[in-house]
file model.cif (mmCIF, C-alpha atoms)
data_data
#
loop_
_atom_site.label_atom_id
_atom_site.label_comp_id
_atom_site.auth_asym_id
_atom_site.auth_seq_id
_atom_site.Cartn_x
_atom_site.Cartn_y
_atom_site.Cartn_z
CA MET A 1 0.00 0.00 0.00
CA ALA A 2 1.41 3.37 -0.99
CA SER A 3 1.87 6.13 1.57
CA SER A 4 -0.17 9.20 0.74
CA ASN A 5 2.21 11.40 2.70
CA LEU A 6 5.96 10.75 2.98
CA PHE A 7 6.44 13.37 5.65
CA SER A 8 4.67 12.86 8.97
CA GLY A 9 6.54 15.57 10.85
CA ALA A 10 10.08 16.36 11.95
CA THR A 11 11.68 13.49 13.85
CA GLY A 12 14.39 13.22 16.47
CA ILE A 13 15.83 9.78 17.17
CA LEU A 14 18.18 8.65 19.95
CA ARG A 15 19.00 5.39 21.66
CA ALA A 16 19.63 6.24 25.30
CA SER A 17 22.76 4.05 25.22
CA GLN A 18 24.27 6.37 22.58
CA ARG A 19 23.57 9.67 24.32
CA GLU A 20 27.19 10.86 24.40
CA ILE A 21 27.38 14.22 22.60
CA ASP A 22 29.93 15.29 20.01
CA GLU A 23 30.51 18.92 21.03
CA TYR A 24 32.52 19.59 17.89
CA LYS A 25 29.82 18.46 15.47
CA SER A 26 26.82 19.89 17.29
CA ILE A 27 25.36 22.73 15.24
CA ASN A 28 23.84 24.72 18.10
CA PRO A 29 22.07 24.15 21.44
CA GLN A 30 18.94 23.20 19.52
CA PHE A 31 20.62 20.42 17.58
CA SER A 32 22.96 18.05 19.38
CA VAL A 33 25.03 15.57 17.37
CA HIS A 34 26.14 12.37 19.05
CA LEU A 35 29.44 10.50 19.04
CA TYR A 36 28.31 6.88 18.58
CA LYS A 37 31.72 5.71 19.80
CA ARG A 38 30.44 3.45 22.58
CA GLN A 39 27.25 2.04 24.00
CA GLN A 40 26.43 3.13 27.56
CA GLU A 41 23.72 0.74 28.69
CA ILE A 42 21.33 1.96 31.37
CA SER A 43 20.53 -0.15 34.39
CA SER A 44 17.01 -0.54 35.70
CA ASN A 45 15.70 2.59 37.47
CA GLU A 46 18.66 4.70 36.31
CA ILE A 47 17.63 8.14 35.03
CA VAL A 48 19.77 9.81 32.36
CA LYS A 49 19.60 13.10 30.48
CA LEU A 50 18.99 12.81 26.74
CA GLU A 51 19.49 15.58 24.21
CA ILE A 52 17.74 14.75 20.97
CA GLY A 53 18.18 16.87 17.86
CA ILE A 54 14.84 17.21 16.09
CA TRP A 55 15.28 17.67 12.35
CA ALA A 56 14.55 21.09 10.89
CA THR A 57 11.41 22.11 9.07
CA GLY A 58 10.40 25.20 7.14
CA VAL A 59 6.72 25.46 7.98
CA HIS A 60 4.66 28.62 7.98
CA TYR A 61 2.29 28.68 10.96
CA ASP A 62 -0.64 30.99 11.23
CA ALA A 63 -1.56 32.61 14.53
CA GLY A 64 -3.46 30.17 16.72
CA GLU A 65 -2.10 27.00 15.12
CA SER A 66 -0.47 24.50 17.43
CA ILE A 67 2.22 21.83 17.29
CA PRO A 68 1.70 18.30 18.60
CA VAL A 69 4.57 16.23 19.99
CA ARG A 70 4.51 12.44 19.73
CA ILE A 71 6.92 10.16 21.58
CA GLY A 72 7.48 6.59 20.41
CA GLY A 73 9.64 3.60 21.18
CA GLN A 74 10.46 2.41 17.64
CA GLN A 75 11.73 4.19 14.54
CA PRO A 76 8.90 5.19 12.22
CA ALA A 77 9.38 4.46 8.52
CA ILE A 78 7.13 4.60 5.48
CA THR A 79 5.88 1.42 3.77
CA GLU A 80 7.81 2.27 0.60
CA PHE A 81 11.06 1.66 2.50
CA THR A 82 10.12 -1.06 4.95
CA SER A 83 8.50 -3.30 2.33
CA PHE A 84 11.92 -3.80 0.69
CA SER A 85 13.71 -4.64 3.95
CA GLY A 86 13.10 -7.39 6.47
CA PRO A 87 12.21 -6.57 10.08
CA ARG A 88 15.06 -5.66 12.41
CA PRO A 89 16.21 -8.46 14.74
CA GLU A 90 14.36 -8.81 18.03
CA HIS A 91 17.33 -7.71 20.19
CA GLU A 92 17.45 -4.31 18.44
CA LEU A 93 13.84 -3.43 19.27
CA ASN A 94 12.81 -1.61 22.42
CA LYS A 95 11.02 -3.75 24.96
CA GLY A 96 9.38 -3.25 28.33
CA GLU A 97 8.39 -0.01 29.97
CA HIS A 98 10.35 3.19 29.36
CA ILE A 99 9.63 6.09 31.69
CA ILE A 100 10.03 9.73 30.64
CA HIS A 101 10.74 12.08 33.56
CA PRO A 102 9.51 15.60 32.68
CA GLY A 103 8.69 16.74 36.22
CA PRO A 104 10.29 19.44 38.41
CA ASP A 105 13.02 17.07 39.63
CA HIS A 106 14.15 16.51 36.04
CA PRO A 107 13.32 19.67 34.05
CA SER A 108 12.70 18.85 30.45
CA LYS A 109 12.05 21.03 27.43
CA ILE A 110 11.50 21.15 23.70
CA MET A 111 13.30 23.99 21.90
CA LEU A 112 11.47 25.40 18.88
CA PRO A 113 13.27 28.02 16.83
CA PHE A 114 10.86 30.51 15.26
CA ILE A 115 11.53 33.29 12.80
CA ASN A 116 9.04 35.91 11.68
CA ILE A 117 8.59 36.21 7.94
CA LYS A 118 6.68 38.65 5.79
CA VAL A 119 4.00 37.02 3.67
CA MET B 1 27.50 19.85 -11.61
CA ALA B 2 23.83 19.57 -10.72
CA GLY B 3 21.66 16.73 -9.51
CA ASN B 4 19.50 15.26 -6.81
CA SER B 5 20.09 12.78 -3.98
CA ALA B 6 22.80 10.27 -5.08
CA LEU B 7 23.80 12.80 -7.74
CA ALA B 8 24.19 15.41 -5.00
CA ILE B 9 26.23 13.06 -2.79
CA SER B 10 28.61 12.34 -5.68
CA GLN B 11 28.96 16.10 -6.27
CA TRP B 12 30.06 16.63 -2.68
CA ASN B 13 32.47 13.70 -2.96
CA VAL B 14 34.03 15.09 -6.14
CA ALA B 15 34.10 18.70 -4.92
CA SER B 16 35.79 17.73 -1.63
CA LEU B 17 38.75 16.56 -3.76
CA GLN B 18 39.04 20.19 -4.96
CA PRO B 19 39.30 19.62 -8.73
CA PRO B 20 40.58 22.91 -10.20
CA SER B 21 38.19 22.70 -13.16
CA LEU B 22 35.10 22.65 -10.95
CA LYS B 23 33.62 26.16 -10.99
CA ALA B 24 30.11 25.70 -9.59
CA MET B 25 27.89 23.01 -8.15
CA SER B 26 24.22 22.61 -7.33
CA PRO B 27 23.59 19.66 -5.04
CA CYS B 28 19.93 19.03 -4.32
CA GLU B 29 18.99 16.92 -1.27
CA GLY B 30 22.56 15.88 -0.44
CA MET B 31 24.20 13.75 2.23
CA ASP B 32 27.66 13.87 3.77
CA ASP B 33 27.33 11.36 6.62
CA ILE B 34 25.15 8.33 5.88
CA HIS B 35 25.92 6.82 9.29
CA ARG B 36 24.75 9.69 11.46
CA GLU B 37 22.09 11.09 9.18
CA GLN B 38 20.47 8.13 7.51
CA LEU B 39 21.34 4.53 8.38
CA CYS B 40 22.12 4.93 12.07
CA ARG B 41 20.26 8.01 13.25
CA GLY B 42 20.49 8.28 17.01
CA GLY B 43 22.24 4.90 17.08
CA TRP B 44 19.14 3.17 15.71
CA PHE B 45 19.99 1.15 12.59
CA SER B 46 17.59 1.21 9.66
CA MET B 47 18.18 0.28 6.04
CA SER B 48 16.12 3.37 5.19
CA ASN B 49 15.73 3.45 1.39
CA PHE B 50 18.85 1.41 0.56
CA ASP B 51 17.07 -1.89 -0.05
CA LEU B 52 14.60 -0.05 -2.24
CA ILE B 53 17.52 1.38 -4.23
CA ALA B 54 19.35 -1.98 -4.46
CA LYS B 55 16.33 -4.10 -5.34
CA ALA B 56 14.08 -1.77 -7.36
CA ILE B 57 16.41 0.81 -8.89
CA VAL B 58 19.93 -0.69 -9.21
CA ARG B 59 18.37 -4.19 -9.36
CA TYR B 60 21.51 -5.68 -7.96
CA ASN B 61 21.82 -9.41 -8.57
CA PRO B 62 24.44 -11.21 -6.41
CA ASN B 63 25.08 -13.67 -9.28
CA SER B 64 25.59 -10.98 -11.92
CA GLY B 65 29.36 -10.80 -11.49
CA LEU B 66 29.11 -7.05 -11.08
CA GLU B 67 30.95 -5.35 -8.27
CA ASP B 68 29.33 -6.09 -4.91
CA LEU B 69 27.22 -3.55 -3.08
CA ASP B 70 28.30 -2.92 0.52
CA ASP B 71 26.43 -5.11 2.99
CA LEU B 72 25.48 -2.26 5.32
CA ASP B 73 23.30 -4.40 7.57
CA GLU B 74 26.17 -6.86 8.14
CA MET B 75 28.64 -4.05 8.89
CA TYR B 76 26.29 -2.71 11.57
CA ARG B 77 25.83 -6.22 12.99
CA ARG B 78 29.61 -6.60 13.35
CA LYS B 79 30.03 -3.25 15.12
CA PRO B 80 26.90 -1.37 16.24
CA VAL B 81 28.75 1.92 16.85
CA ASP B 82 30.82 4.23 14.65
CA SER B 83 33.74 2.59 12.83
CA LYS B 84 36.32 3.09 10.08
CA PHE B 85 33.81 1.63 7.64
CA TRP B 86 31.41 4.54 8.22
CA GLU B 87 34.17 7.13 8.67
CA ASP B 88 35.45 6.22 5.20
CA LYS B 89 32.07 7.20 3.74
CA ARG B 90 31.94 10.66 5.33
CA ILE B 91 32.56 13.61 3.05
CA ASP B 92 34.58 16.57 4.32
CA VAL B 93 32.35 19.36 3.06
CA LYS B 94 34.70 21.99 4.52
CA LYS B 95 37.17 21.19 1.71
CA ILE B 96 34.74 22.33 -0.99
CA ARG B 97 36.10 25.47 -2.64
CA CYS B 98 33.56 26.38 -5.33
CA PRO B 99 30.25 28.28 -5.13
CA VAL B 100 27.35 26.15 -3.94
CA TYR B 101 23.67 26.52 -4.78
CA MET B 102 21.91 23.92 -2.69
CA ARG B 103 18.38 22.74 -2.40
CA GLY B 104 16.93 20.96 0.57
CA SER B 105 13.60 20.15 2.15
CA GLU B 106 12.07 18.33 5.06
CA VAL B 107 9.61 16.56 2.78
CA SER B 108 11.74 13.57 1.75
CA ALA B 109 12.67 13.07 5.42
CA LEU B 110 15.98 11.66 4.16
CA HIS B 111 18.38 14.51 3.41
CA THR B 112 17.03 17.24 5.66
CA MET B 113 19.84 17.84 8.13
CA SER B 114 22.60 16.85 5.70
CA SER B 115 21.48 19.59 3.34
CA ILE B 116 21.55 22.17 6.14
CA GLY B 117 24.81 20.88 7.66
CA GLY B 118 26.50 20.76 4.26
CA TRP B 119 25.43 24.31 3.51
CA LEU B 120 26.64 25.54 6.92
CA GLU B 121 30.01 23.82 6.47
CA SER B 122 30.62 24.99 2.90
CA LYS B 123 33.40 27.58 3.05
CA HIS B 124 32.67 29.55 -0.10
CA ASP B 125 31.26 33.04 0.44
CA ARG B 126 28.90 32.60 -2.52
CA LYS B 127 26.69 29.89 -1.14
CA ARG B 128 22.94 29.74 -1.10
CA ILE B 129 20.38 27.24 0.15
CA HIS B 130 16.87 27.07 -1.24
CA TRP B 131 14.45 25.38 1.15
CA GLY B 132 11.74 23.66 -0.88
CA SER B 133 8.18 23.08 0.18
CA THR B 134 7.64 20.05 -2.08
CA GLN B 135 10.61 17.83 -2.92
CA GLY B 136 13.82 18.12 -4.89
CA TRP B 137 13.01 15.70 -7.71
CA TYR B 138 9.70 17.41 -8.38
CA GLU B 139 11.13 20.91 -8.14
CA LEU B 140 14.03 20.17 -10.48
CA TYR B 141 12.05 18.29 -13.13
CA GLY B 142 8.52 19.61 -12.69
CA GLN B 143 8.84 23.31 -11.92
CA PRO B 144 10.17 25.48 -14.77
CA LYS B 145 11.06 28.29 -12.35
CA SER B 146 13.49 25.97 -10.54
CA ASN B 147 15.26 25.26 -13.82
CA HIS B 148 15.37 28.96 -14.67
CA GLU B 149 16.95 29.68 -11.30
CA LEU B 150 19.54 26.94 -11.87
CA GLN B 151 20.32 28.37 -15.32
CA LYS B 152 20.78 31.82 -13.81
CA TYR B 153 23.21 30.41 -11.24
CA PHE B 154 25.32 28.63 -13.86
CA ASP B 155 25.22 31.68 -16.15
CA ARG B 156 26.65 33.71 -13.29
CA PHE B 157 29.49 31.37 -12.33
CA LEU B 158 30.28 29.54 -15.59
CA LYS B 159 29.73 32.36 -18.08
CA GLY B 160 30.42 35.32 -15.80
CA LYS B 161 27.08 37.01 -16.58
CA GLN B 162 26.16 39.82 -14.20
CA ASN B 163 22.56 38.79 -13.63
CA ASN B 164 21.90 39.77 -10.01
CA TRP B 165 22.32 36.21 -8.77
CA ASP B 166 24.39 37.39 -5.82
#

call {"tool": "encode", "arguments": {"input": "model.cif", "output": "structure tokens"}}
result
Amino acid sequence: MASSNLFSGATGILRASQREIDEYKSINPQFSVHLYKRQQEISSNEIVKLEIGIWATGVHYDAGESIPVRIGGQQPAITEFTSFSGPRPEHELNKGEHIIHPGPDHPSKIMLPFINIKV
Amino acid sequence: MAGNSALAISQWNVASLQPPSLKAMSPCEGMDDIHREQLCRGGWFSMSNFDLIAKAIVRYNPNSGLEDLDDLDEMYRRKPVDSKFWEDKRIDVKKIRCPVYMRGSEVSALHTMSSIGGWLESKHDRKRIHWGSTQGWYELYGQPKSNHELQKYFDRFLKGKQNNWD
């Protein structure tokens, strides 16, 4: 089945075990780039800080429009790509319960860069 | 040089070797780091569109006797972090010395950050990025105004016409 829309929104992807940041490559505070030199597994109940670079978009928003944020445990991909490839092995997929800590003890934020344009 | 996707990646590869005869390039939807920005985003491996390319476009047949395609899945299985294999595929965009007229978009969801990163890293003072609202293939082949703009760019840097490009 063909996808009617290839773009379902800007995505940011990070495995918590690969959270180490490459300061040299990072474009700015809104877009962290990671090293991928080693895997730092997380033990049960351990809380770690993750900085996830969400890919850029050039979207014109009118006053009053809003932006939804969706958090998922697997990488989304369109049928056009996945139908040519087999599923990823079981050990690569996320399992169990993953807890996001956005409360006052662990302040969390989404940074959205806006520019005003004349239309 | 001008072209989209793979044809943009090969432009960056060639231009990073600094050929003296290269006077202008127009990569559309490029990529300089397939490990970080496509196959292993955030450390999560995905074949992305590579199996589509191998099976439906290149139609690679392992018994054809042609040169083998890289087995990217196997290379990730052997070492699930960065390695010399991936490093070897990175393009040093900072070495590019010619004017760059780039196109990028978020729509393909493939080349988005590479297009921006490549534009930021290009060292030439005559560089421009055009952020599309549709997609590079369509804009280049389906929108006459995109072709006119490309012609204007090449007229400026290949023929030296003073046409208010920059």

call {"tool": "closest_atom_pairs", "arguments": {"input": "model.cif", "of": "segment 85-112 of chain A", "to": "segment 41-46 of chain A", "cutoff": "12 Å", "atoms": "all atoms listed in the file", "output": "CSV"}}
result
residue,atom,partner,partner_atom,distance
A:Gly96,CA,A:Ser44,CA,10.9
A:Glu97,CA,A:Ser44,CA,10.4
A:His98,CA,A:Asn45,CA,9.7
A:Ile99,CA,A:Asn45,CA,9.1
A:Ile100,CA,A:Asn45,CA,11.4
A:His101,CA,A:Glu46,CA,11.2

call {"tool": "closest_residue", "arguments": {"input": "model.cif", "among": "A:Gln74, A:Gln40, A:Thr82, A:Asn5", "to": "Asn94 of chain A", "atoms": "only C-alpha atoms"}}
result
A:Gln74

call {"tool": "closest_residue", "arguments": {"input": "model.cif", "among": "A:Pro68, A:Gly86, A:Gly58, A:Pro113", "to": "Thr134 of chain B", "atoms": "only C-alpha atoms"}}
result
A:Gly58

call {"tool": "closest_residue", "arguments": {"input": "model.cif", "among": "B:Ser46, B:Gly30, B:Tyr153, B:Ile129", "to": "Pro87 of chain A", "atoms": "all atoms listed in the file"}}
result
B:Ser46

call {"tool": "closest_residue", "arguments": {"input": "model.cif", "among": "B:Ala6, B:Val107, B:Leu150, B:Met1", "to": "Ile53 of chain B", "atoms": "all atoms listed in the file"}}
result
B:Ala6

call {"tool": "closest_residue", "arguments": {"input": "model.cif", "among": "B:Asn63, B:Gln18, B:Glu121, B:Lys23", "to": "chain A", "atoms": "all atoms listed in the file"}}
result
B:Glu121

call {"tool": "atom_distance", "arguments": {"input": "model.cif", "atom1": "atom CA of Ile9 of chain B", "atom2": "atom CA of Asp32 of chain B"}}
result
6.8 Å

call {"tool": "interface_residues", "arguments": {"input": "model.cif", "of": "chain B", "to": "chain A", "cutoff": "9 Å", "atoms": "all atoms listed in the file", "output": "ChimeraX atom specification"}}
result
/B:36,41-52,55-56,80-83,105-109,112-113,116-117,120,131-133

call {"tool": "residues_around", "arguments": {"input": "model.cif", "residues": "segment 24-29 of chain B", "least_positions_apart": "2", "cutoff": "10 Å", "atoms": "all atoms listed in the file", "output": "number ranges by chain"}}
result
B: 1-12, 15, 21-22, 31, 96-106, 108-116, 118-119, 126-132, 135-137, 139-140, 150, 153-154, 156-158

call {"tool": "atom_distance", "arguments": {"input": "model.cif", "atom1": "atom CA of Cys40 of chain B", "atom2": "atom CA of Arg70 of chain A"}}
result
20.6 Å

call {"tool": "atom_distance", "arguments": {"input": "model.cif", "atom1": "atom CA of Glu20 of chain A", "atom2": "atom CA of His35 of chain B"}}
result
15.7 Å

call {"tool": "residues_around", "arguments": {"input": "model.cif", "residues": "Asn116 of chain A", "least_positions_apart": "2", "cutoff": "10 Å", "atoms": "all atoms listed in the file", "output": "list in words"}}
result
His60, Tyr61, Phe114, Lys118 and Val119 of chain A

call {"tool": "closest_residue", "arguments": {"input": "model.cif", "among": "A:Lys49, A:Ile71, A:Pro89, A:Glu65", "to": "Asp105 of chain A", "atoms": "only C-alpha atoms"}}
result
A:Lys49

call {"tool": "residues_near_point", "arguments": {"input": "model.cif", "point": "(3.2, 5.1, -1.5)", "cutoff": "7 Å", "atoms": "only C-alpha atoms", "output": "list in words"}}
result
Met1, Ala2, Ser3, Ser4, Thr79 and Glu80 of chain A

call {"tool": "decode", "arguments": {"input": "model.cif", "residues": "segment 145-157 of chain B", "atoms": "all heavy atoms", "output": "mmCIF file, in the first residue's frame"}}
result
data_model
loop_
_atom_site.group_PDB
_atom_site.id
_atom_site.type_symbol
_atom_site.label_atom_id
_atom_site.label_comp_id
_atom_site.auth_asym_id
_atom_site.auth_seq_id
_atom_site.Cartn_x
_atom_site.Cartn_y
_atom_site.Cartn_z
ATOM 1 N N LYS B 145 10.356 27.184 -13.027
ATOM 2 C CA LYS B 145 11.056 28.287 -12.346
ATOM 3 C C LYS B 145 12.318 27.782 -11.628
ATOM 4 O O LYS B 145 13.287 28.527 -11.500
ATOM 5 C CB LYS B 145 10.113 29.011 -11.380
ATOM 6 C CG LYS B 145 9.662 28.209 -10.188
ATOM 7 C CD LYS B 145 8.803 29.055 -9.255
ATOM 8 C CE LYS B 145 8.353 28.207 -8.067
ATOM 9 N NZ LYS B 145 7.430 28.890 -7.178
ATOM 10 N N SER B 146 12.298 26.523 -11.180
ATOM 11 C CA SER B 146 13.493 25.971 -10.541
ATOM 12 C C SER B 146 14.621 25.839 -11.557
ATOM 13 O O SER B 146 15.784 26.103 -11.267
ATOM 14 C CB SER B 146 13.197 24.595 -9.943
ATOM 15 O OG SER B 146 12.171 24.686 -8.996
ATOM 16 N N ASN B 147 14.267 25.393 -12.762
ATOM 17 C CA ASN B 147 15.256 25.258 -13.819
ATOM 18 C C ASN B 147 15.806 26.608 -14.245
ATOM 19 O O ASN B 147 17.002 26.754 -14.502
ATOM 20 C CB ASN B 147 14.623 24.555 -15.025
ATOM 21 C CG ASN B 147 15.307 23.244 -15.298
ATOM 22 O OD1 ASN B 147 16.537 23.197 -15.311
ATOM 23 N ND2 ASN B 147 14.535 22.200 -15.492
ATOM 24 N N HIS B 148 14.920 27.611 -14.302
ATOM 25 C CA HIS B 148 15.370 28.955 -14.668
ATOM 26 C C HIS B 148 16.355 29.487 -13.642
ATOM 27 O O HIS B 148 17.364 30.101 -13.983
ATOM 28 C CB HIS B 148 14.167 29.907 -14.788
ATOM 29 C CG HIS B 148 13.266 29.557 -15.929
ATOM 30 N ND1 HIS B 148 11.940 29.888 -15.958
ATOM 31 C CD2 HIS B 148 13.513 28.868 -17.085
ATOM 32 C CE1 HIS B 148 11.400 29.430 -17.080
ATOM 33 N NE2 HIS B 148 12.336 28.816 -17.773
ATOM 34 N N GLU B 149 16.077 29.209 -12.386
ATOM 35 C CA GLU B 149 16.953 29.679 -11.302
ATOM 36 C C GLU B 149 18.319 28.992 -11.394
ATOM 37 O O GLU B 149 19.360 29.612 -11.200
ATOM 38 C CB GLU B 149 16.277 29.385 -9.956
ATOM 39 C CG GLU B 149 16.814 30.162 -8.777
ATOM 40 C CD GLU B 149 16.484 31.655 -8.827
ATOM 41 O OE1 GLU B 149 15.814 32.125 -9.776
ATOM 42 O OE2 GLU B 149 16.942 32.359 -7.929
ATOM 43 N N LEU B 150 18.293 27.701 -11.717
ATOM 44 C CA LEU B 150 19.536 26.941 -11.871
ATOM 45 C C LEU B 150 20.349 27.491 -13.048
ATOM 46 O O LEU B 150 21.573 27.636 -12.958
ATOM 47 C CB LEU B 150 19.195 25.461 -12.099
ATOM 48 C CG LEU B 150 20.331 24.461 -12.021
ATOM 49 C CD1 LEU B 150 20.991 24.482 -10.651
ATOM 50 C CD2 LEU B 150 19.797 23.051 -12.323
ATOM 51 N N GLN B 151 19.654 27.807 -14.133
ATOM 52 C CA GLN B 151 20.318 28.366 -15.318
ATOM 53 C C GLN B 151 20.978 29.701 -14.983
ATOM 54 O O GLN B 151 22.107 29.981 -15.382
ATOM 55 C CB GLN B 151 19.287 28.556 -16.442
ATOM 56 C CG GLN B 151 19.892 29.040 -17.758
ATOM 57 C CD GLN B 151 20.789 27.983 -18.388
ATOM 58 O OE1 GLN B 151 20.397 26.840 -18.539
ATOM 59 N NE2 GLN B 151 22.017 28.371 -18.722
ATOM 60 N N LYS B 152 20.269 30.504 -14.205
ATOM 61 C CA LYS B 152 20.783 31.819 -13.809
ATOM 62 C C LYS B 152 22.065 31.670 -12.984
ATOM 63 O O LYS B 152 23.033 32.409 -13.164
ATOM 64 C CB LYS B 152 19.694 32.541 -13.001
ATOM 65 C CG LYS B 152 19.911 34.017 -12.816
ATOM 66 C CD LYS B 152 18.685 34.634 -12.123
ATOM 67 C CE LYS B 152 18.989 36.066 -11.719
ATOM 68 N NZ LYS B 152 17.905 36.667 -10.955
ATOM 69 N N TYR B 153 22.042 30.679 -12.092
ATOM 70 C CA TYR B 153 23.211 30.408 -11.243
ATOM 71 C C TYR B 153 24.418 30.012 -12.095
ATOM 72 O O TYR B 153 25.520 30.550 -11.927
ATOM 73 C CB TYR B 153 22.836 29.303 -10.252
ATOM 74 C CG TYR B 153 23.997 28.670 -9.520
ATOM 75 C CD1 TYR B 153 24.719 29.385 -8.570
ATOM 76 C CD2 TYR B 153 24.362 27.344 -9.762
ATOM 77 C CE1 TYR B 153 25.777 28.796 -7.887
ATOM 78 C CE2 TYR B 153 25.401 26.746 -9.091
ATOM 79 C CZ TYR B 153 26.113 27.473 -8.154
ATOM 80 O OH TYR B 153 27.148 26.901 -7.489
ATOM 81 N N PHE B 154 24.197 29.074 -13.033
ATOM 82 C CA PHE B 154 25.325 28.626 -13.856
ATOM 83 C C PHE B 154 25.779 29.730 -14.817
ATOM 84 O O PHE B 154 26.967 29.838 -15.116
ATOM 85 C CB PHE B 154 24.956 27.344 -14.614
ATOM 86 C CG PHE B 154 25.003 26.121 -13.736
ATOM 87 C CD1 PHE B 154 23.955 25.222 -13.705
ATOM 88 C CD2 PHE B 154 26.105 25.865 -12.932
ATOM 89 C CE1 PHE B 154 23.998 24.100 -12.884
ATOM 90 C CE2 PHE B 154 26.164 24.748 -12.102
ATOM 91 C CZ PHE B 154 25.103 23.862 -12.090
ATOM 92 N N ASP B 155 24.842 30.541 -15.303
ATOM 93 C CA ASP B 155 25.224 31.676 -16.154
ATOM 94 C C ASP B 155 26.153 32.613 -15.384
ATOM 95 O O ASP B 155 27.126 33.136 -15.926
ATOM 96 C CB ASP B 155 23.976 32.466 -16.589
ATOM 97 C CG ASP B 155 23.243 31.787 -17.734
ATOM 98 O OD1 ASP B 155 23.804 30.832 -18.316
ATOM 99 O OD2 ASP B 155 22.106 32.189 -18.027
ATOM 100 N N ARG B 156 25.846 32.797 -14.112
ATOM 101 C CA ARG B 156 26.648 33.709 -13.286
ATOM 102 C C ARG B 156 28.065 33.162 -13.087
ATOM 103 O O ARG B 156 29.042 33.898 -13.223
ATOM 104 C CB ARG B 156 25.935 33.919 -11.935
ATOM 105 C CG ARG B 156 26.750 34.578 -10.848
ATOM 106 C CD ARG B 156 27.048 36.030 -11.138
ATOM 107 N NE ARG B 156 27.868 36.608 -10.094
ATOM 108 C CZ ARG B 156 29.201 36.546 -10.072
ATOM 109 N NH1 ARG B 156 29.856 35.932 -11.048
ATOM 110 N NH2 ARG B 156 29.881 37.099 -9.081
ATOM 111 N N PHE B 157 28.175 31.884 -12.733
ATOM 112 C CA PHE B 157 29.485 31.375 -12.329
ATOM 113 C C PHE B 157 30.247 30.634 -13.437
ATOM 114 O O PHE B 157 31.451 30.429 -13.322
ATOM 115 C CB PHE B 157 29.349 30.486 -11.086
ATOM 116 C CG PHE B 157 29.003 31.279 -9.865
ATOM 117 C CD1 PHE B 157 27.716 31.266 -9.344
ATOM 118 C CD2 PHE B 157 29.956 32.092 -9.250
ATOM 119 C CE1 PHE B 157 27.393 32.026 -8.231
ATOM 120 C CE2 PHE B 157 29.636 32.860 -8.145
ATOM 121 C CZ PHE B 157 28.348 32.830 -7.627
#
